[in-house]
>>> print(open('work.txt').read())   # compact mmCIF, C-alpha atoms
# COMPACT_ATOMS: atom_id res chain seq x y z
CA MET L 29 49.21 29.89 34.23
CA ALA L 30 45.61 30.36 33.31
CA VAL L 31 44.05 27.85 31.02
CA ARG L 32 41.43 29.03 28.69
CA LEU L 33 39.42 27.17 26.15
CA ARG L 34 38.08 29.23 23.38
CA ILE L 35 35.34 27.94 21.13
CA ASP L 36 34.64 30.11 18.15
CA GLY L 37 31.12 30.24 16.88
CA LEU L 38 29.45 29.54 20.23
CA ASP L 39 27.29 32.63 20.01
CA THR L 40 26.10 31.54 16.59
CA MET L 41 25.32 28.07 17.92
CA ARG L 42 23.40 29.54 20.85
CA ALA L 43 21.37 31.65 18.47
CA LEU L 44 20.66 28.64 16.29
CA LEU L 45 19.61 26.56 19.27
CA ARG L 46 17.26 29.31 20.41
CA GLN L 47 15.80 29.45 16.94
CA LEU L 48 15.41 25.68 16.63
CA PRO L 49 12.18 25.32 18.66
CA ASP L 50 10.50 28.02 16.58
CA ASP L 51 11.52 26.34 13.34
CA LEU L 52 10.38 22.94 14.59
CA ARG L 53 7.10 24.35 15.82
CA ASN L 54 6.37 26.12 12.54
CA GLU L 55 7.27 23.19 10.32
CA GLY L 56 5.60 20.73 12.68
CA ARG L 57 2.41 22.78 12.59
CA GLU L 58 2.23 22.44 8.82
CA ILE L 59 2.81 18.69 9.04
CA VAL L 60 0.05 18.23 11.64
CA ARG L 61 -2.32 20.49 9.75
CA GLY L 62 -1.63 18.74 6.43
CA HIS L 63 -2.27 15.27 7.78
CA ILE L 64 -5.42 16.20 9.67
CA GLU L 65 -6.81 17.89 6.58
CA ASP L 66 -5.97 14.85 4.46
CA ALA L 67 -7.62 12.54 6.98
CA GLU L 68 -10.74 14.69 7.18
CA SER L 69 -11.13 14.90 3.41
CA THR L 70 -10.53 11.14 3.01
CA ILE L 71 -13.15 10.32 5.64
CA ARG L 72 -15.60 12.82 4.18
CA ALA L 73 -15.19 11.31 0.72
CA SER L 74 -15.71 7.79 2.09
CA TYR L 75 -18.82 8.86 3.99
CA ALA L 76 -20.22 10.24 0.76
CA GLY L 77 -20.34 6.69 -0.60
CA HIS L 78 -22.71 5.73 2.25
CA ARG L 79 -24.84 8.87 2.17
CA ARG L 80 -28.40 8.65 3.50
CA SER L 81 -29.14 11.77 5.52
CA GLY L 82 -25.74 13.43 5.19
CA ASN L 83 -25.44 13.66 8.98
CA LEU L 84 -22.22 11.65 9.07
CA GLU L 85 -20.52 14.23 6.88
CA LYS L 86 -22.11 17.13 8.75
CA GLY L 87 -20.91 15.76 12.08
CA LEU L 88 -17.26 15.59 11.04
CA PHE L 89 -15.06 18.44 12.22
CA THR L 90 -11.48 19.25 13.15
CA ASN L 91 -10.46 21.17 16.23
CA LEU L 92 -7.04 22.68 15.56
CA LYS L 93 -5.24 24.52 18.33
CA GLU L 94 -2.01 26.36 17.80
CA SER L 95 0.17 27.94 20.43
CA ARG L 96 3.76 29.01 20.73
CA PHE L 97 4.50 25.58 22.18
CA GLY L 98 3.01 23.48 19.42
CA THR L 99 -0.07 22.36 17.57
CA THR L 100 -2.78 19.90 18.46
CA ALA L 101 -5.46 18.67 16.13
CA VAL L 102 -8.49 16.59 17.08
CA LEU L 103 -10.71 15.09 14.40
CA LYS L 104 -14.17 14.16 15.68
CA ASN L 105 -17.52 13.08 14.43
CA ARG L 106 -20.36 14.35 16.60
CA ALA L 107 -23.13 12.54 14.65
CA PRO L 108 -24.81 10.26 17.24
CA HIS L 109 -24.69 7.22 14.97
CA SER L 110 -21.11 7.71 13.79
CA TYR L 111 -19.64 5.21 16.23
CA LEU L 112 -22.29 2.62 15.54
CA PHE L 113 -21.69 3.08 11.82
CA GLU L 114 -17.96 2.64 12.39
CA VAL L 115 -18.16 -0.57 14.43
CA GLY L 116 -21.21 -2.15 12.79
CA THR L 117 -24.90 -2.62 13.54
CA GLU L 118 -27.01 -5.57 14.50
CA LEU L 119 -30.52 -4.28 13.91
CA ASP L 120 -32.28 -3.37 10.72
CA ARG L 121 -31.79 0.40 10.65
CA ALA L 122 -33.44 3.06 8.56
CA GLY L 123 -35.32 0.69 6.34
CA GLY L 124 -34.02 -2.51 4.92
CA THR L 125 -30.31 -2.18 5.56
CA GLY L 126 -30.25 -5.20 7.83
CA ARG L 127 -27.19 -6.13 9.79
CA MET L 128 -24.33 -3.89 8.71
CA PRO L 129 -20.64 -4.72 9.10
CA ALA L 130 -18.26 -2.23 10.63
CA ALA L 131 -17.72 0.60 8.15
CA LYS L 132 -14.04 0.87 9.14
CA ILE L 133 -13.67 4.36 7.69
CA PHE L 134 -12.81 6.77 10.50
CA ILE L 135 -10.53 4.65 12.69
CA PRO L 136 -8.32 3.12 9.94
CA THR L 137 -7.99 6.49 8.18
CA VAL L 138 -6.93 8.21 11.39
CA MET L 139 -4.48 5.40 12.17
CA ARG L 140 -2.87 5.78 8.75
CA ALA L 141 -2.76 9.55 9.09
CA ARG L 142 -1.17 9.30 12.52
CA ARG L 143 1.53 6.94 11.24
CA ALA L 144 2.29 9.20 8.27
CA MET L 145 2.36 12.25 10.54
CA MET L 146 4.76 10.59 12.95
CA ALA L 147 7.07 9.60 10.08
CA ASP L 148 7.06 13.19 8.81
CA LEU L 149 7.70 14.59 12.28
CA VAL L 150 10.62 12.21 12.76
CA ALA L 151 12.00 13.25 9.35
CA LEU L 152 11.63 16.90 10.41
CA LEU L 153 13.66 16.36 13.57
CA GLU L 154 16.32 14.47 11.65
CA ARG L 155 16.53 17.26 9.06
CA HIS L 156 17.36 19.58 11.92
CA GLY L 157 20.20 17.32 12.99
CA LEU L 158 18.43 15.57 15.85
CA ARG L 159 18.48 11.83 16.31
CA VAL L 160 15.24 10.00 16.95
CA THR L 161 15.23 6.59 18.62
CA GLY L 162 12.57 4.27 19.96
CA GLY L 163 9.14 3.18 18.75
CA MET G 18 5.25 -17.06 2.78
CA ALA G 19 3.44 -15.30 5.59
CA GLU G 20 0.05 -13.90 4.72
CA THR G 21 -2.14 -11.70 6.86
CA GLY G 22 -5.08 -14.09 6.94
CA ALA G 23 -3.02 -16.31 9.22
CA VAL G 24 -3.22 -13.68 11.95
CA ASP G 25 -6.98 -13.33 11.47
CA ALA G 26 -7.34 -17.12 11.74
CA ALA G 27 -5.10 -17.34 14.79
CA LEU G 28 -7.10 -14.68 16.60
CA LEU G 29 -10.38 -16.44 15.77
CA ALA G 30 -8.93 -19.75 16.97
CA LEU G 31 -7.75 -18.21 20.22
CA LEU G 32 -11.22 -16.88 20.96
CA ARG G 33 -12.98 -20.06 19.81
CA ALA G 34 -10.97 -22.03 22.35
CA ASP G 35 -12.59 -20.10 25.20
CA ALA G 36 -15.46 -22.24 26.47
CA ALA G 37 -16.64 -19.63 28.98
CA LEU G 38 -16.91 -17.01 26.26
CA LEU G 39 -18.81 -19.40 24.00
CA ALA G 40 -21.22 -20.14 26.84
CA VAL G 41 -22.18 -16.45 26.94
CA CYS G 42 -22.05 -16.08 23.14
CA PRO G 43 -23.22 -19.49 21.87
CA ASP G 44 -23.51 -18.46 18.21
CA GLY G 45 -19.76 -18.38 18.08
CA ILE G 46 -16.92 -16.16 17.00
CA GLN G 47 -17.77 -14.52 13.69
CA TYR G 48 -15.63 -12.50 11.31
CA ALA G 49 -16.68 -9.14 9.84
CA ILE G 50 -20.40 -9.86 9.54
CA ALA G 51 -22.27 -12.50 11.45
CA ASP G 52 -24.32 -15.29 9.93
CA PRO G 53 -27.94 -14.21 9.47
CA ALA G 54 -29.13 -16.71 12.07
CA ALA G 55 -26.58 -15.70 14.70
CA GLN G 56 -28.01 -13.75 17.63
CA ARG G 57 -25.49 -14.00 20.46
CA PHE G 58 -21.95 -13.90 19.17
CA VAL G 59 -18.55 -12.32 19.26
CA LEU G 60 -17.66 -10.29 16.20
CA VAL G 61 -14.06 -9.92 15.06
CA ASP G 62 -13.03 -7.52 12.32
CA ARG G 63 -9.69 -6.19 11.19
CA PHE G 64 -9.54 -2.42 11.51
CA ASP G 65 -5.99 -1.80 10.45
CA HIS G 66 -2.82 -3.46 9.21
CA SER G 67 0.54 -1.82 8.68
CA VAL G 68 3.98 -3.07 7.73
CA ASP G 69 7.01 -1.55 9.40
CA LEU G 70 9.76 -1.66 6.80
CA ARG G 71 12.36 -0.37 9.22
CA MET G 72 12.21 -3.35 11.56
CA PHE G 73 14.97 -5.92 11.33
CA GLY G 74 15.74 -5.47 7.66
CA ALA G 75 13.69 -7.74 5.44
CA ALA G 76 11.86 -9.50 8.28
CA ASN G 77 9.03 -7.03 8.51
CA GLY G 78 7.18 -6.24 11.64
CA GLU G 79 3.46 -6.06 11.05
CA ALA G 80 0.88 -4.40 13.25
CA PHE G 81 -2.78 -5.36 13.25
CA VAL G 82 -5.70 -3.74 15.02
CA TYR G 83 -8.88 -5.73 15.51
CA LEU G 84 -12.35 -4.93 16.67
CA VAL G 85 -13.48 -7.66 19.05
CA LYS G 86 -16.93 -7.22 20.56
CA ALA G 87 -19.70 -9.30 22.02
CA VAL G 88 -23.08 -8.67 20.42
CA LEU G 89 -26.06 -9.67 22.54
CA PRO G 90 -29.69 -8.77 21.80
CA GLU G 91 -30.97 -7.88 25.25
CA SER G 92 -31.81 -4.86 27.34
CA ARG G 93 -29.73 -5.84 30.32
CA SER G 94 -26.02 -5.38 29.92
CA SER G 95 -24.78 -7.92 32.44
CA ASN G 96 -24.12 -10.70 29.92
CA ALA G 97 -22.41 -8.32 27.50
CA ARG G 98 -20.28 -7.03 30.34
CA GLU G 99 -19.29 -10.58 31.28
CA ALA G 100 -18.49 -11.37 27.65
CA ALA G 101 -16.33 -8.25 27.40
CA ARG G 102 -14.56 -9.26 30.58
CA LEU G 103 -13.88 -12.71 29.14
CA ILE G 104 -12.63 -11.21 25.87
CA ARG G 105 -10.25 -8.99 27.79
CA ALA G 106 -9.11 -11.88 29.99
CA ARG G 107 -8.51 -13.98 26.89
CA LEU G 108 -6.71 -11.39 24.79
CA ASP G 109 -5.19 -8.55 26.78
CA GLY G 110 -1.61 -9.51 27.59
CA SER G 111 -1.92 -12.87 25.86
CA GLN G 112 1.12 -14.43 24.26
CA ALA G 113 -0.79 -17.47 23.03
CA LEU G 114 -1.48 -16.30 19.48
CA ALA G 115 -0.02 -18.81 17.01
CA ALA G 116 -0.16 -17.54 13.44
CA ASP G 117 1.44 -19.53 10.61
CA GLY G 118 4.42 -17.65 9.21
CA TYR G 119 4.55 -15.14 12.04
CA ALA G 120 6.05 -14.76 15.49
CA LEU G 121 4.31 -12.69 18.11
CA MET G 122 6.51 -9.71 18.99
CA ALA G 123 4.61 -8.40 21.98
CA PRO G 124 1.66 -9.50 24.08
CA ILE G 125 -1.72 -8.67 22.57
CA ALA G 126 -2.87 -5.32 23.93
CA GLU G 127 -6.26 -3.73 24.33
CA ILE G 128 -5.94 -0.21 23.00
CA GLU G 129 -9.51 0.99 23.38
CA SER G 130 -12.72 -0.31 24.84
CA ILE G 131 -16.05 -0.36 23.05
CA ARG G 132 -19.45 -0.19 24.68
CA LEU G 133 -22.64 0.92 23.05
CA VAL G 134 -26.31 0.11 23.10
CA GLU G 135 -28.07 -0.08 19.78
CA VAL G 136 -31.77 0.75 19.98
CA ASP G 137 -34.27 -0.48 17.43
CA GLU G 138 -35.73 2.61 15.76
CA SER G 139 -39.07 0.90 15.25
CA ASN G 140 -39.21 -0.66 18.72
CA PRO G 141 -37.33 1.19 21.47
CA GLU G 142 -37.87 -1.75 23.79
CA ARG G 143 -35.60 -3.83 21.62
CA ARG G 144 -31.91 -3.26 22.25
CA VAL G 145 -28.61 -4.82 21.36
CA GLN G 146 -25.54 -4.61 23.54
CA HIS G 147 -22.15 -4.21 21.88
CA TRP G 148 -19.29 -4.56 24.31
CA GLY G 149 -15.60 -5.33 23.76
CA GLY G 150 -12.54 -3.51 22.57
CA GLN G 151 -9.92 -2.79 19.97
CA TYR G 152 -6.89 -5.05 20.22
CA SER G 153 -3.42 -4.52 18.84
CA ILE G 154 -1.31 -7.44 17.61
CA LEU G 155 2.34 -6.95 16.71
CA VAL G 156 4.00 -9.80 14.80
CA GLN G 157 7.07 -10.44 12.71
CA ARG G 158 7.28 -12.52 9.56
CA THR G 159 9.26 -15.70 9.94
CA ASN G 160 9.07 -16.86 6.34
>>> encode(input="work.txt", output="structure tokens")
Amino acid sequence: MAVRLRIDGLDTMRALLRQLPDDLRNEGREIVRGHIEDAESTIRASYAGHRRSGNLEKGLFTNLKESRFGTTAVLKNRAPHSYLFEVGTELDRAGGTGRMPAAKIFIPTVMRARRAMMADLVALLERHGLRVTGG
Amino acid sequence: MAETGAVDAALLALLRADAALLAVCPDGIQYAIADPAAQRFVLVDRFDHSVDLRMFGAANGEAFVYLVKAVLPESRSSNAREAARLIRARLDGSQALAADGYALMAPIAEIESIRLVEVDESNPERRVQHWGGQYSILVQRTN
């Protein structure tokens, strides 16, 4: 006697599973884009409070790449003194500033944005019925 | 009640106990901005602090990221390099951090290195070496 297991709705499930990566990619893209834009505008606004030449703000840019597999976003500052500004100076620079402490603008902002983005991406996966474990 | 300054203080104490590091950086371990008279020192500053509310219910995990760099006013980089090596040897993988009100949850970890040469705009011969890293400290409140 032949034994047959019939599962109704399998075709629907297959279709949903095929669709899942597209949905995740599209929603994930908006999450990544939103957080990188927030981080960039926060950093830009903080730089404005330290404005001398405006080069720190001019050097800030986001490189956003989207593909059918996902989205990557890289926020950079190409101003030569941006790193020195971030981690602090020792010498008297640009007239009378003296020793300057680390500005702590770019790195902390990006760290906060990354944490918020990860939390939103985890929430996205869980909304789609996936379980996320680990750090 | 745990407070975050205890982790700052514990990190400073850990570095201040390193005689070899103090020999290279005799003006000591300074926080945020060095004393005006200090020339050869290690600078520590807190870059980030976050509380993980999901960890172990009410006993929050807390993550800190510190900038730790040697600052030496010289053209040659050999002393700064040695100081950075000593900082790494002291901190990276260390489980010796003792902060009041906290327990260390993982060894201290270097997450990024820092090396740059600052040049005096009015005297290009005058340079300052900055060499060290960013260090991550993960702790849990115990009270």
>>> residues_near_point(input="work.txt", point="(-14.6, -6.9, 15.5)", cutoff="9 Å", atoms="only C-alpha atoms", output="ChimeraX atom specification")
/L:115-116,130 /G:47-50,59-64,83-87,149-151
>>> residues_near_point(input="work.txt", point="(-20.8, 1.9, 8.4)", cutoff="7 Å", atoms="all atoms listed in the file", output="PyMOL selection string")
chain L and resi 113-114+116+128-132
>>> interface_residues(input="work.txt", of="chain G", to="chain L", cutoff="9 Å", atoms="all atoms listed in the file", output="list in words")
Ala49, Ile50, Ala51, Pro53, Gln56, Asp62, Arg63, Phe64, Asp65, His66, Ser67, Val82, Leu84, Val88, Pro90, Ile131, Leu133, Val134, Glu135, Val136, Asp137, Glu138, Ser139, Arg144, Val145 and His147 of chain G
>>> atom_distance(input="work.txt", atom1="atom CA of L:Ile71", atom2="atom CA of L:Ala147")
20.7 Å
>>> closest_residue(input="work.txt", among="L:Gly62, L:Asp51, L:Ala76, L:Ser110", to="L:Thr90", atoms="all atoms listed in the file")
L:Gly62
>>> closest_residue(input="work.txt", among="L:Lys93, L:Arg79, L:Arg106, L:His156", to="L:Arg61", atoms="all atoms listed in the file")
L:Lys93
>>> atom_distance(input="work.txt", atom1="atom CA of G:Gly45", atom2="atom CA of G:Leu89")
11.6 Å
>>> residues_around(input="work.txt", residues="stretch 81-88 of chain L", least_positions_apart="6", cutoff="8 Å", atoms="only C-alpha atoms", output="ChimeraX atom specification")
/L:68,72,75,103-107,109-110
>>> write_last_selection(input="work.txt", atoms="C-alpha atoms", output="PDB file, in the frame of the given file")
ATOM      1  CA  GLU L  68     -10.740  14.690   7.180  1.00  0.00           C
ATOM      2  CA  ARG L  72     -15.600  12.820   4.180  1.00  0.00           C
ATOM      3  CA  TYR L  75     -18.820   8.860   3.990  1.00  0.00           C
ATOM      4  CA  LEU L 103     -10.710  15.090  14.400  1.00  0.00           C
ATOM      5  CA  LYS L 104     -14.170  14.160  15.680  1.00  0.00           C
ATOM      6  CA  ASN L 105     -17.520  13.080  14.430  1.00  0.00           C
ATOM      7  CA  ARG L 106     -20.360  14.350  16.600  1.00  0.00           C
ATOM      8  CA  ALA L 107     -23.130  12.540  14.650  1.00  0.00           C
ATOM      9  CA  HIS L 109     -24.690   7.220  14.970  1.00  0.00           C
ATOM     10  CA  SER L 110     -21.110   7.710  13.790  1.00  0.00           C
TER      11      SER L 110
END
>>> atom_distance(input="work.txt", atom1="atom CA of G:Phe81", atom2="atom CA of L:Ala141")
15.5 Å
>>> residues_around(input="work.txt", residues="G:Leu103", least_positions_apart="3", cutoff="9 Å", atoms="only C-alpha atoms", output="PyMOL selection string")
chain G and resi 35+37-38+98-100+106-108
>>> closest_residue(input="work.txt", among="G:Arg158, G:Arg143, G:Arg57, G:Arg33", to="G:Ile104", atoms="all atoms listed in the file")
G:Arg33
>>> residues_around(input="work.txt", residues="stretch 152-154 of chain L", least_positions_apart="6", cutoff="10 Å", atoms="all atoms listed in the file", output="short mmCIF file (atom, residue, chain, number, x, y, z; two decimals) with C-alpha atoms, keeping the file's coordinate frame")
data_model
loop_
_atom_site.label_atom_id
_atom_site.label_comp_id
_atom_site.auth_asym_id
_atom_site.auth_seq_id
_atom_site.Cartn_x
_atom_site.Cartn_y
_atom_site.Cartn_z
CA LEU L 48 15.41 25.68 16.63
CA ASP L 51 11.52 26.34 13.34
CA LEU L 52 10.38 22.94 14.59
CA GLU L 55 7.27 23.19 10.32
CA GLY L 56 5.60 20.73 12.68
CA ILE L 59 2.81 18.69 9.04
CA MET L 146 4.76 10.59 12.95
CA VAL L 160 15.24 10.00 16.95
#
>>> residues_around(input="work.txt", residues="G:Ala120", least_positions_apart="5", cutoff="9 Å", atoms="all atoms listed in the file", output="short mmCIF file (atom, residue, chain, number, x, y, z; two decimals) with C-alpha atoms, in the coordinates of the input")
data_model
loop_
_atom_site.label_atom_id
_atom_site.label_comp_id
_atom_site.auth_asym_id
_atom_site.auth_seq_id
_atom_site.Cartn_x
_atom_site.Cartn_y
_atom_site.Cartn_z
CA LEU G 114 -1.48 -16.30 19.48
CA ALA G 115 -0.02 -18.81 17.01
CA LEU G 155 2.34 -6.95 16.71
CA VAL G 156 4.00 -9.80 14.80
CA GLN G 157 7.07 -10.44 12.71
CA ARG G 158 7.28 -12.52 9.56
CA THR G 159 9.26 -15.70 9.94
#
